[in-house]
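K.L.:
So that you have it, the file is structure_24.cif, and it contains mmCIF, C-alpha atoms:
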data_protein
loop_
_atom_site.label_atom_id
_atom_site.label_comp_id
_atom_site.auth_asym_id
_atom_site.auth_seq_id
_atom_site.Cartn_x
_atom_site.Cartn_y
_atom_site.Cartn_z
CA MET G 1 100.08 98.50 92.80
CA GLY G 2 98.74 96.02 95.37
CA PHE G 3 100.37 93.19 93.42
CA ILE G 4 103.79 94.85 93.55
CA ILE G 5 103.45 95.66 97.24
CA ALA G 6 102.47 92.04 97.97
CA LEU G 7 105.54 90.78 96.09
CA LEU G 8 107.73 93.25 98.00
CA SER G 9 106.17 92.09 101.28
CA GLY G 10 106.98 88.46 100.52
CA ALA G 11 110.55 89.33 99.58
CA LEU G 12 111.03 91.40 102.73
CA MET G 13 109.58 88.64 104.91
CA SER G 14 111.99 86.08 103.45
CA ILE G 15 115.02 88.33 103.90
CA GLN G 16 113.92 89.39 107.38
CA GLY G 17 113.46 85.75 108.39
CA VAL G 18 117.02 84.95 107.36
CA PHE G 19 118.38 88.02 109.19
CA ASN G 20 116.38 87.28 112.34
CA THR G 21 117.48 83.65 112.33
CA GLU G 22 121.11 84.76 112.20
CA VAL G 23 120.59 87.20 115.10
CA THR G 24 118.99 84.33 117.04
CA LYS G 25 122.03 82.09 116.46
CA GLN G 26 124.23 84.76 118.02
CA THR G 27 121.87 85.78 120.86
CA SER G 28 118.57 84.01 121.61
CA VAL G 29 115.16 83.82 120.00
CA TRP G 30 113.52 86.26 122.40
CA VAL G 31 116.41 88.73 122.20
CA ALA G 32 116.12 88.61 118.41
CA ALA G 33 112.32 88.89 118.46
CA GLY G 34 112.51 91.74 120.96
CA TRP G 35 115.05 93.56 118.79
CA VAL G 36 112.80 93.15 115.77
CA GLN G 37 109.78 94.54 117.62
CA LEU G 38 111.77 97.40 119.19
CA THR G 39 113.30 98.49 115.89
CA ALA G 40 109.91 98.14 114.19
CA PHE G 41 108.41 100.40 116.86
CA ILE G 42 111.17 102.97 116.43
CA THR G 43 110.73 102.87 112.64
CA CYS G 44 106.96 103.37 112.98
CA LEU G 45 107.51 106.23 115.44
CA VAL G 46 109.95 108.04 113.13
CA ILE G 47 107.67 107.61 110.11
CA TRP G 48 104.66 108.75 112.18
CA LEU G 49 106.58 111.90 113.18
CA PHE G 50 107.14 112.79 109.51
CA THR G 51 103.67 111.89 108.24
CA GLY G 52 100.04 112.57 109.24
CA ARG G 53 100.54 112.35 113.01
CA GLU G 54 97.14 110.89 113.70
CA PRO G 55 96.41 110.92 117.46
CA VAL G 56 97.59 107.78 119.26
CA ALA G 57 94.51 108.07 121.47
CA GLY G 58 92.57 106.88 118.42
CA LEU G 59 93.57 103.37 119.49
CA MET G 60 91.06 103.62 122.35
CA GLN G 61 88.23 104.04 119.84
CA VAL G 62 89.16 100.96 117.79
CA THR G 63 86.39 98.36 117.67
CA PRO G 64 86.21 95.49 118.12
CA LYS G 65 88.95 95.56 120.74
CA TYR G 66 90.30 92.12 119.83
CA VAL G 67 91.86 93.56 116.65
CA LEU G 68 94.38 95.34 118.88
CA VAL G 69 96.21 92.04 119.51
CA GLY G 70 97.96 92.40 116.14
CA GLY G 71 101.16 93.50 117.91
CA ILE G 72 101.13 90.39 120.06
CA MET G 73 100.63 88.34 116.92
CA GLY G 74 103.55 90.22 115.34
CA ALA G 75 105.82 89.08 118.15
CA LEU G 76 104.60 85.49 117.78
CA ILE G 77 105.00 85.67 114.00
CA THR G 78 108.59 86.82 114.45
CA TYR G 79 109.22 83.94 116.85
CA THR G 80 107.63 81.30 114.61
CA VAL G 81 109.38 82.54 111.46
CA ILE G 82 112.75 82.47 113.24
CA ARG G 83 112.16 78.97 114.60
CA SER G 84 110.84 77.56 111.32
CA MET G 85 113.64 79.07 109.20
CA GLY G 86 116.21 77.89 111.71
CA SER G 87 114.99 74.30 111.58
CA LEU G 88 113.69 73.97 108.00
CA GLY G 89 115.77 76.52 106.08
CA PRO G 90 114.44 79.67 104.42
CA ALA G 91 112.89 78.15 101.29
CA LYS G 92 110.96 75.31 102.95
CA ALA G 93 109.82 77.52 105.83
CA ALA G 94 108.65 80.27 103.45
CA LEU G 95 106.74 77.74 101.35
CA LEU G 96 104.92 76.35 104.38
CA ILE G 97 104.24 79.83 105.75
CA VAL G 98 102.74 81.03 102.46
CA VAL G 99 100.57 77.94 102.00
CA SER G 100 99.31 78.33 105.57
CA GLN G 101 98.55 82.00 104.88
CA ILE G 102 96.60 81.10 101.72
CA ILE G 103 94.49 78.47 103.48
CA ILE G 104 93.74 80.57 106.56
CA ALA G 105 93.06 83.72 104.50
CA TYR G 106 90.58 81.84 102.32
CA ALA G 107 88.85 80.39 105.40
CA ILE G 108 88.56 83.91 106.83
CA GLU G 109 86.98 85.13 103.57
CA LEU G 110 84.80 82.06 103.15
CA PHE G 111 83.28 82.31 106.63
CA GLY G 112 83.38 86.11 106.85
CA LEU G 113 85.46 86.04 110.02
CA PHE G 114 86.76 89.13 111.85
CA GLY G 115 84.51 91.51 109.95
CA VAL G 116 85.83 90.52 106.52
CA GLU G 117 83.20 90.45 103.78
CA LYS G 118 82.04 86.88 103.26
CA ALA G 119 83.14 85.35 99.94
CA PRO G 120 81.27 82.60 98.11
CA PHE G 121 82.72 79.08 98.01
CA ALA G 122 84.90 78.55 94.97
CA TRP G 123 86.28 75.19 93.87
CA ASN G 124 89.14 76.85 92.01
CA LYS G 125 90.45 78.27 95.32
CA ILE G 126 90.28 74.85 96.97
CA ILE G 127 92.03 73.30 93.97
CA GLY G 128 94.67 76.05 94.16
CA ALA G 129 95.27 75.28 97.84
CA VAL G 130 95.55 71.55 97.08
CA ILE G 131 98.05 72.31 94.30
CA ALA G 132 100.03 74.48 96.74
CA ILE G 133 100.06 71.59 99.23
CA GLY G 134 101.21 69.34 96.37
CA GLY G 135 104.01 71.85 95.80
CA ILE G 136 105.14 71.29 99.38
CA VAL G 137 105.26 67.53 98.78
CA ILE G 138 107.24 68.01 95.55
CA PHE G 139 109.56 70.51 97.23
CA GLU G 140 110.26 67.99 100.00
CA ARG G 141 111.67 65.40 97.58
#
Spell out the structure here as structure tokens.
P.N.:
Amino acid sequence: MGFIIALLSGALMSIQGVFNTEVTKQTSVWVAAGWVQLTAFITCLVIWLFTGREPVAGLMQVTPKYVLVGGIMGALITYTVIRSMGSLGPAKAALLIVVSQIIIAYAIELFGLFGVEKAPFAWNKIIGAVIAIGGIVIFER
């Protein structure tokens, strides 16, 4: 199930990036990013109302506190996706975004950053990242 959800996530990110880039062309990048965050908040609020309704005050017990900056990162992700898709096009931007995600995610696992369980070094993952970077070079031509 995780595999299918990950594929759906990638598809949604690509479509959302195209939509957000179009909204930016007709408004501005911060208006578009703000709209995305506002509608995401409203969507989360509506879903929360119809599901578990865990107390919002639970946010105050989250540790470590730095993990609460995910929303700020979400706004910056929206901004950077819009800008990259606007200047590179959806396919090239998505390729670079995914390769960056792979490399950073592996570094987080490798060094056990942010409370993630540390993973052993694996050459096959490095080779996979190099192949992905090679894919960028091939895609550029």
K.L.:
What do you get, as a PyMOL selection string, if you spell out every residue that the PyMOL selection byres ((chain G and resi 22) around 12) selects here?
P.N.:
chain G and resi 15-21+23-29+31-33+81-83+85-86+89-90
K.L.:
Evaluate the PyMOL selection byres ((chain G and resi 54-71) around 12) here and jot the selected residues down as an NGL selection string.
P.N.:
:G and (34 or 36-38 or 40-41 or 45 or 47-53 or 72-78 or 113-115)
K.L.:
Listing only residues of range 4-31 of chain G within 10 Å of range 93-102 of chain G, what is the closest atom pair and its distance in Å (to one decimal) for each, using all atoms listed in the file, sorted by chain and residue number ascending, as CSV?
P.N.:
residue,atom,partner,partner_atom,distance
G:Gly10,CA,G:Val98,CA,8.8
G:Met13,CA,G:Ala94,CA,8.5
G:Ser14,CA,G:Ala94,CA,6.7
G:Gly17,CA,G:Ala94,CA,8.8
K.L.:
Apply the PyMOL selection byres ((chain G and resi 127-135) around 9) to the structure shown and report the selected residues as a list in words.
P.N.:
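Applied to this file, the PyMOL selection byres ((chain G and resi 127-135) around 9) returns Leu95, Leu96, Val99, Ile102, Ile103, Ala122, Trp123, Asn124, Lys125, Ile126, Ile136, Val137, Ile138, Phe139 and Glu140 of chain G.
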K.L.:
With C-alpha atoms retained, write the just-selected residues as a PDB file, keeping the file's coordinate frame.
P.N.:
ATOM      1  CA  LEU G  95     106.740  77.740 101.350  1.00  0.00           C
ATOM      2  CA  LEU G  96     104.920  76.350 104.380  1.00  0.00           C
ATOM      3  CA  VAL G  99     100.570  77.940 102.000  1.00  0.00           C
ATOM      4  CA  ILE G 102      96.600  81.100 101.720  1.00  0.00           C
ATOM      5  CA  ILE G 103      94.490  78.470 103.480  1.00  0.00           C
ATOM      6  CA  ALA G 122      84.900  78.550  94.970  1.00  0.00           C
ATOM      7  CA  TRP G 123      86.280  75.190  93.870  1.00  0.00           C
ATOM      8  CA  ASN G 124      89.140  76.850  92.010  1.00  0.00           C
ATOM      9  CA  LYS G 125      90.450  78.270  95.320  1.00  0.00           C
ATOM     10  CA  ILE G 126      90.280  74.850  96.970  1.00  0.00           C
ATOM     11  CA  ILE G 136     105.140  71.290  99.380  1.00  0.00           C
ATOM     12  CA  VAL G 137     105.260  67.530  98.780  1.00  0.00           C
ATOM     13  CA  ILE G 138     107.240  68.010  95.550  1.00  0.00           C
ATOM     14  CA  PHE G 139     109.560  70.510  97.230  1.00  0.00           C
ATOM     15  CA  GLU G 140     110.260  67.990 100.000  1.00  0.00           C
TER      16      GLU G 140
END
K.L.:
If you measure from CA of Arg141 in chain G to CA of Ala91 in chain G, what distance in Å do you get, rounded to one decimal?
P.N.:
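Taking CA of Arg141 in chain G and CA of Ala91 in chain G, their separation equals 13.3 Å.
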K.L.:
Between CA of Phe121 in chain G and CA of Ala105 in chain G, what is the distance in Å, rounded to a tenth?
P.N.:
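Those two atoms sit 13.1 Å apart.
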K.L.:
Work out how far CA of Val46 in chain G is from CA of Ile5 in chain G, in Å to one decimal.
P.N.:
21.2 Å
